[in-house]
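J.: Got a structure for you, written out below as structure tokens; questions coming shortly.
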Amino acid sequence: MSNLLAHLNEQQLAAVTLPPQHALILAGAGSGKTRVLTTRIAWLISTGQVSPHGLLAVTFTNKAAREMLTRLSGMLPVNTRGMWIGTFHGLANRMLRAHHRDAGLPHTFQILDAQDQLAAIKRLLRALNVDDEKFPPKNVQHFVNAAKEEGRRAKDVEAWDDYTRRMVELYAAYDEQCQREGVVDFAELLLRSHELLERNQLLREHYQARFRHILVDEFQDTNALQYRWLKLLAGESAVMFAVGDDDQSIYAFRGANVANMAAFEREFRVANLIKLEQNYRSQGNILDCANALIAHNSRRLGKNLWTDAGEGEPVRVHESMTDAQEAQWLVEEIRALVAEGGSRSEVAVLYRSNAQSRVIEHALFSSGIAYRVYGGLRFFERAEIKHALAYMRLLENPDDDGAFLRVVNFPARGIGARTLEALQDAARAGGCSLFAAIPTLGGAAAGKLGAFAQLVGRLRAETQAMPLTDMVEHLIDRSGLLGHYRAEREGQDRIENLRELVNAAAAFLAEEGIGRDVPANLGVSGVQGAPGDSAVLDADAPGAARITPLAAFLAHASLEAGENQAGEGSDAVQLMTVHAAKGLEFDAVFITGLEEGLFPHENSIAEPEGLEEERRLMYVAITRARRRLYLSFSQTRMLHGQTRYSLRSRFLDELPPELLKWLTPRQPAAPAAYREGWGGAWEGFGRQGAPRRARAGDDDTGRLSGAEQRAAQRFDRGVAFRVGQSVAHARFGEGVIVGIEGSGDDARVQVNFGREGLKWLALSVARLEPVG
DNA sequence: TCGGTTCAGAGTATT
DNA sequence: TCTGAACCGA
């Protein structure tokens, strides 16, 4: 055990060995957070304070959960398989599977991912004849999820106008549809398990007594429902150990509520608040930049990172004329890094929004530098995979109309829209699922639908006793999917993905410790016993409902969409958004596009607290770097087909100048009043130095491409009217240019005329005279 | 059922 | 500018 605690610093040690009282650990970036969390678990178990069975540890991502399990197995000779360590959704799913009857769910309930949910909502809106102009499916989806994440059912949502009232009705109708079809969405997993515990006193008391210790990772990312779920599970007796960093809270936009940290401290009367501030990742200058930046935020819990690794190199700053030149500079710099012996995979290029990757990818591709972009479609989200899964789901649960509609005519079986409309009418009339309505149908359509029903029946019979992998293989073939893609010109990739699905099933069985020969439809423990019997209080008890390999695999496919990066393992430069970089670290990091309007993003500035979240995002970005950090921005950028002119990000000017090394001449900062778009001090604008003009030799090749020349020319014309310049207009009087958009005849400027307000003026129309 | 055209919209994202 | 979705004609 002394081994376990070796090499922990004072604060880490204090956190790991805290007495059994509620604790909040403020863990700064790179301070060994995961280590503390896992060592705490190992310590609790190895000192006999709790059995592996008596603790619950929860994370947000499968990756984090896996990491915790892996590290734990390395520390303790313990079988982690049965332990309640997982994601919020994974654990909620586990509980609902075991107590499905008490939770009011069929034992075959399926999980809808975001895609499935949207499809279900579209279907609902069509069935109800809702005008999807007024009620776009995406808005309904957002409304439903936001309500569920607040812990509210439709009946609990206050409708204060016609629009909200209709939304609430749609929410209720959506929930009814889900219940009818035996499906639950992500938010529903948590809400349903919360309701289960809330209503069922026996179960609640049982789990409250069982879980003596509850440990929570990334606490700053919890939403209202997750916090309530934790509180309910903890009851009066469990010990909570929450780890988080308010400075790294970057998910408010998806419901995360940092205030949960303060609420936790207050409501649980947390006596132990420990700050982990020693950073083991970055060198001093990088940390000092991060600290200086985040100090501009208010309402922090307060934390300052430090290191004993030395100050290291200065932070490099680069300004370019165009986004293409920024990318070109990046290429040269990466080349130099690699020439010095750095590895490409230790270089990360970060950006605020995905659209920025294109220019960078283009430059990297043209110069033959291997790169890898994070984000995009993941394995289980691919259309062909979802088709295959839909067949499997239909075997499990024929009432799953979503799965039915996905494959009833795929591959094509001549079952068109009209047939399905008739079927839908029949189902509605009979109050049953589409599948169940097939026998009630007459006419020519009945034949084709009947054949499909027979196909499903045949597939079910054929795969009845098969192990999971054989079942998948059988289904992708006999459903006609393979044949369909074989006939398709570009179907080869899809066929490979379908074959990969068989491997994924095999890998899943291995990971879960399920024998390869176990029939897919058999309860895993072999005990079908009393599925969901109310008398069985514990999910792990022998008589509790057992999940079949097939059901487990389908849940896995929904809860873990799989990898989304190609070329794993190859030595490639890593491209990703700042959000995607959270939790990762690299020797060298480029933060690109540091421009007002982009980072901080313009949309965020209007949001309450938006700017502070952007600043935290910048903080996360900076703290990804171990040794070398580059910050870059461009004067112009192609956005939505138009050249945009922007000033450098305020975040650059919030960093201590003495820590920065400008690779291009440093220009005066933009006046703060410009950023607000308003303000008293705008007289000062006229005296601002002109933005740096394009100079030959700015780029490393010494030549400008055609596109770059055109952009540069446009820029030169734009300079005549530059941001910050004072201008006069015949009617509106004097004002200051605060924005420029477009070029040539399309060029428009936004002018702040003070009392007359902000106006957009087309340069080809409006007469604007420079002043001063 | 396909391929083409047209149109709107373009922030970050896990489960 | 570019993408994805929706729509229409063969």
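Here's how to read the names in the structure tokens: chain A, B, ... by the order shown, residue numbers from 1 in each chain, ligand numbers from 1 in the order shown.
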Using only C-alpha atoms (C1' of nucleotides), find which residues of chain A lie within 9 Å of chain B and jot them down as JSON, numbers by chain.
T.: {"A": [60, 61, 62, 87, 88, 89, 90, 113, 114, 186, 187, 250, 251, 253, 254, 352, 353, 354, 355, 412, 558, 559, 560, 561, 577, 578, 579, 580, 601, 603, 604, 639, 640]}
J.: Would you save the residues from that selection as a CSV table (one decimal), in the first residue's frame, using C-alpha atoms?
T.:
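Full text of result.csv as output:
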```csv
chain,number,residue,atom,x,y,z
A,60,PHE,CA,-18.7,11.5,-18.6
A,61,THR,CA,-17.0,9.6,-21.4
A,62,ASN,CA,-16.3,5.9,-22.0
A,87,THR,CA,-20.5,6.8,-17.4
A,88,PHE,CA,-23.7,8.4,-16.1
A,89,HIS,CA,-25.6,6.8,-19.0
A,90,GLY,CA,-23.9,3.5,-18.7
A,113,ASP,CA,-28.8,7.9,-30.0
A,114,ALA,CA,-29.1,11.6,-31.1
A,186,PHE,CA,-30.0,9.4,-23.7
A,187,ALA,CA,-31.6,11.9,-21.3
A,250,ILE,CA,-16.6,24.6,-21.3
A,251,TYR,CA,-19.9,22.7,-21.7
A,253,PHE,CA,-23.9,25.2,-23.8
A,254,ARG,CA,-25.0,21.6,-23.5
A,352,ARG,CA,-12.3,27.0,-32.3
A,353,SER,CA,-14.7,25.7,-35.0
A,354,ASN,CA,-14.5,22.7,-37.3
A,355,ALA,CA,-14.8,24.8,-40.5
A,412,ALA,CA,-35.2,-2.1,-51.7
A,558,SER,CA,-25.8,3.2,-28.7
A,559,LEU,CA,-23.8,4.2,-25.6
A,560,GLU,CA,-20.4,4.1,-27.2
A,561,ALA,CA,-20.4,5.2,-30.8
A,577,THR,CA,-11.3,21.7,-32.0
A,578,VAL,CA,-10.3,23.0,-28.6
A,579,HIS,CA,-13.2,21.2,-27.1
A,580,ALA,CA,-12.0,17.9,-28.5
A,601,HIS,CA,-16.8,33.4,-31.0
A,603,ASN,CA,-22.2,34.1,-30.9
A,604,SER,CA,-20.9,33.7,-27.4
A,639,LEU,CA,-16.0,32.7,-43.9
A,640,HIS,CA,-19.3,31.8,-45.5
```
J.: Find the residues of chain C in contact range of chain A, meaning any atom within 12 Å when counting only C-alpha atoms (C1' of nucleotides), and list them as a list in words.
T.: DT1, DC2 and DT3 of chain C
J.: Those same residues - C-alpha atoms (C1' of nucleotides) - I'd like them written as a tab-separated table (two decimals), in the first residue's frame.
T.:
```tsv
chain	number	residue	atom	x	y	z
C	1	DT	C1'	-17.89	28.97	-50.21
C	2	DC	C1'	-19.38	24.73	-49.10
C	3	DT	C1'	-22.35	21.31	-47.30
```
J.: Excluding A:Asn3 and its own-chain neighbours fewer than 4 positions away, which residues fall within 12 Å of it when counting only C-alpha atoms (C1' of nucleotides)? Please give them as a VMD selection string.
T.: chain A and resid 7 to 8 39 42 to 43 46 75 to 76
J.: Extract the full set of helix (DSSP H, G or I) residues from stretch 165-316 of chain A according to DSSP on the backbone, and format it as JSON, numbers by chain.
T.: {"A": [165, 166, 167, 168, 169, 170, 171, 172, 173, 174, 175, 176, 177, 178, 179, 180, 181, 186, 187, 188, 189, 190, 191, 192, 193, 194, 195, 196, 197, 198, 199, 201, 202, 203, 204, 205, 206, 207, 208, 209, 210, 219, 220, 221, 224, 225, 226, 227, 228, 229, 230, 231, 232, 233, 234, 246, 247, 248, 252, 253, 254, 259, 260, 261, 262, 263, 264, 265, 266, 267, 284, 285, 286, 287, 288, 289, 290, 291, 292, 293, 294]}
J.: Residues of stretch 63-166 of chain A in strand (DSSP E) according to DSSP, as a PDB file with N, CA and C atoms, in the first residue's frame?
T.:
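Saved as part-v3.pdb:
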```pdb
ATOM      1  N   TRP A  84     -19.176  -0.845 -10.178  1.00  0.00           N
ATOM      2  CA  TRP A  84     -20.007   0.203 -10.765  1.00  0.00           C
ATOM      3  C   TRP A  84     -19.145   1.409 -11.089  1.00  0.00           C
ATOM      4  N   ILE A  85     -18.334   1.229 -12.113  1.00  0.00           N
ATOM      5  CA  ILE A  85     -17.509   2.321 -12.605  1.00  0.00           C
ATOM      6  C   ILE A  85     -17.895   2.518 -14.061  1.00  0.00           C
ATOM      7  N   GLY A  86     -18.353   3.690 -14.400  1.00  0.00           N
ATOM      8  CA  GLY A  86     -18.780   3.894 -15.775  1.00  0.00           C
ATOM      9  C   GLY A  86     -19.291   5.300 -15.996  1.00  0.00           C
ATOM     10  N   THR A  87     -19.933   5.489 -17.140  1.00  0.00           N
ATOM     11  CA  THR A  87     -20.496   6.805 -17.439  1.00  0.00           C
ATOM     12  C   THR A  87     -21.865   6.933 -16.773  1.00  0.00           C
ATOM     13  N   GLN A 110     -34.723  -0.443 -26.193  1.00  0.00           N
ATOM     14  CA  GLN A 110     -33.574  -0.023 -27.000  1.00  0.00           C
ATOM     15  C   GLN A 110     -33.227   1.430 -26.712  1.00  0.00           C
ATOM     16  N   ILE A 111     -31.978   1.770 -26.965  1.00  0.00           N
ATOM     17  CA  ILE A 111     -31.522   3.126 -26.686  1.00  0.00           C
ATOM     18  C   ILE A 111     -31.371   3.909 -27.986  1.00  0.00           C
ATOM     19  N   LEU A 112     -32.002   5.071 -28.037  1.00  0.00           N
ATOM     20  CA  LEU A 112     -31.891   5.935 -29.215  1.00  0.00           C
ATOM     21  C   LEU A 112     -30.678   6.848 -29.066  1.00  0.00           C
TER      22      LEU A 112
END
```
J.: Any idea what's packed within 7 Å of stretch 433-435 of chain A, counting only C-alpha atoms (C1' of nucleotides), ignoring anything in its chain fewer than 3 positions away? Could you give it as an mmCIF file with C-alpha atoms, in the first residue's frame?
T.:
```cif
data_model
loop_
_atom_site.group_PDB
_atom_site.id
_atom_site.type_symbol
_atom_site.label_atom_id
_atom_site.label_comp_id
_atom_site.auth_asym_id
_atom_site.auth_seq_id
_atom_site.Cartn_x
_atom_site.Cartn_y
_atom_site.Cartn_z
ATOM 1 C CA PRO A 398 -40.541 -5.786 -33.224
ATOM 2 C CA ASP A 399 -42.364 -2.751 -31.811
ATOM 3 C CA ASP A 401 -40.934 1.443 -35.399
ATOM 4 C CA LEU A 423 -49.479 0.622 -42.786
ATOM 5 C CA GLN A 424 -49.092 3.622 -40.521
ATOM 6 C CA ALA A 427 -51.131 0.788 -36.917
ATOM 7 C CA ILE A 438 -48.875 -5.975 -41.113
#
```
J.: What does the distance from atom CA of A:Ala6 to atom CA of A:Thr623 come to in Å, to one decimal?
T.: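 Interatomic distance here is 25.8 Å.
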J.: Excluding A:Val536 and residues on its chain fewer than 6 positions from it, collect all residues at most 10 Å away from it, counting only C-alpha atoms (C1' of nucleotides), and give them as JSON, numbers by chain.
T.: {"A": [98, 99, 203, 530, 542, 543, 544, 545]}
J.: Write the residues you've just listed into a file as a short mmCIF file (atom, residue, chain, number, x, y, z; two decimals), in the first residue's frame, and include all heavy atoms for each of them.
T.:
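Output saved as selection_27.cif:
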```
data_model
loop_
_atom_site.label_atom_id
_atom_site.label_comp_id
_atom_site.auth_asym_id
_atom_site.auth_seq_id
_atom_site.Cartn_x
_atom_site.Cartn_y
_atom_site.Cartn_z
N ALA A 98 -31.73 -3.93 -15.01
CA ALA A 98 -31.99 -4.83 -13.89
C ALA A 98 -33.40 -4.64 -13.33
O ALA A 98 -34.02 -5.59 -12.88
CB ALA A 98 -30.95 -4.62 -12.81
N HIS A 99 -33.87 -3.42 -13.36
CA HIS A 99 -35.17 -3.12 -12.75
C HIS A 99 -36.16 -2.61 -13.78
O HIS A 99 -36.94 -1.71 -13.51
CB HIS A 99 -34.99 -2.09 -11.63
CG HIS A 99 -33.94 -2.49 -10.64
ND1 HIS A 99 -34.11 -3.53 -9.76
CD2 HIS A 99 -32.69 -2.00 -10.41
CE1 HIS A 99 -33.02 -3.67 -9.01
NE2 HIS A 99 -32.14 -2.76 -9.39
N LEU A 203 -35.93 0.17 -3.33
CA LEU A 203 -34.75 0.20 -4.19
C LEU A 203 -33.81 1.33 -3.79
O LEU A 203 -32.60 1.16 -3.72
CB LEU A 203 -35.18 0.43 -5.64
CG LEU A 203 -35.49 -0.79 -6.49
CD1 LEU A 203 -35.82 -0.36 -7.91
CD2 LEU A 203 -34.29 -1.74 -6.51
N ALA A 530 -36.11 -14.50 -12.58
CA ALA A 530 -37.25 -13.61 -12.50
C ALA A 530 -36.84 -12.26 -13.05
O ALA A 530 -36.39 -11.41 -12.31
CB ALA A 530 -37.70 -13.48 -11.06
N PRO A 542 -28.30 -12.68 -7.77
CA PRO A 542 -28.44 -13.82 -8.70
C PRO A 542 -29.78 -13.84 -9.41
O PRO A 542 -29.86 -14.21 -10.57
CB PRO A 542 -28.31 -15.04 -7.77
CG PRO A 542 -27.63 -14.55 -6.55
CD PRO A 542 -27.96 -13.10 -6.41
N GLY A 543 -30.84 -13.42 -8.76
CA GLY A 543 -32.15 -13.51 -9.39
C GLY A 543 -32.52 -12.31 -10.24
O GLY A 543 -33.57 -12.28 -10.86
N ALA A 544 -31.66 -11.33 -10.28
CA ALA A 544 -31.98 -10.12 -11.03
C ALA A 544 -32.01 -10.40 -12.53
O ALA A 544 -31.45 -11.38 -12.99
CB ALA A 544 -30.95 -9.04 -10.73
N ALA A 545 -32.68 -9.53 -13.25
CA ALA A 545 -32.80 -9.71 -14.69
C ALA A 545 -31.42 -9.76 -15.32
O ALA A 545 -30.55 -8.97 -14.99
CB ALA A 545 -33.59 -8.57 -15.29
#
```
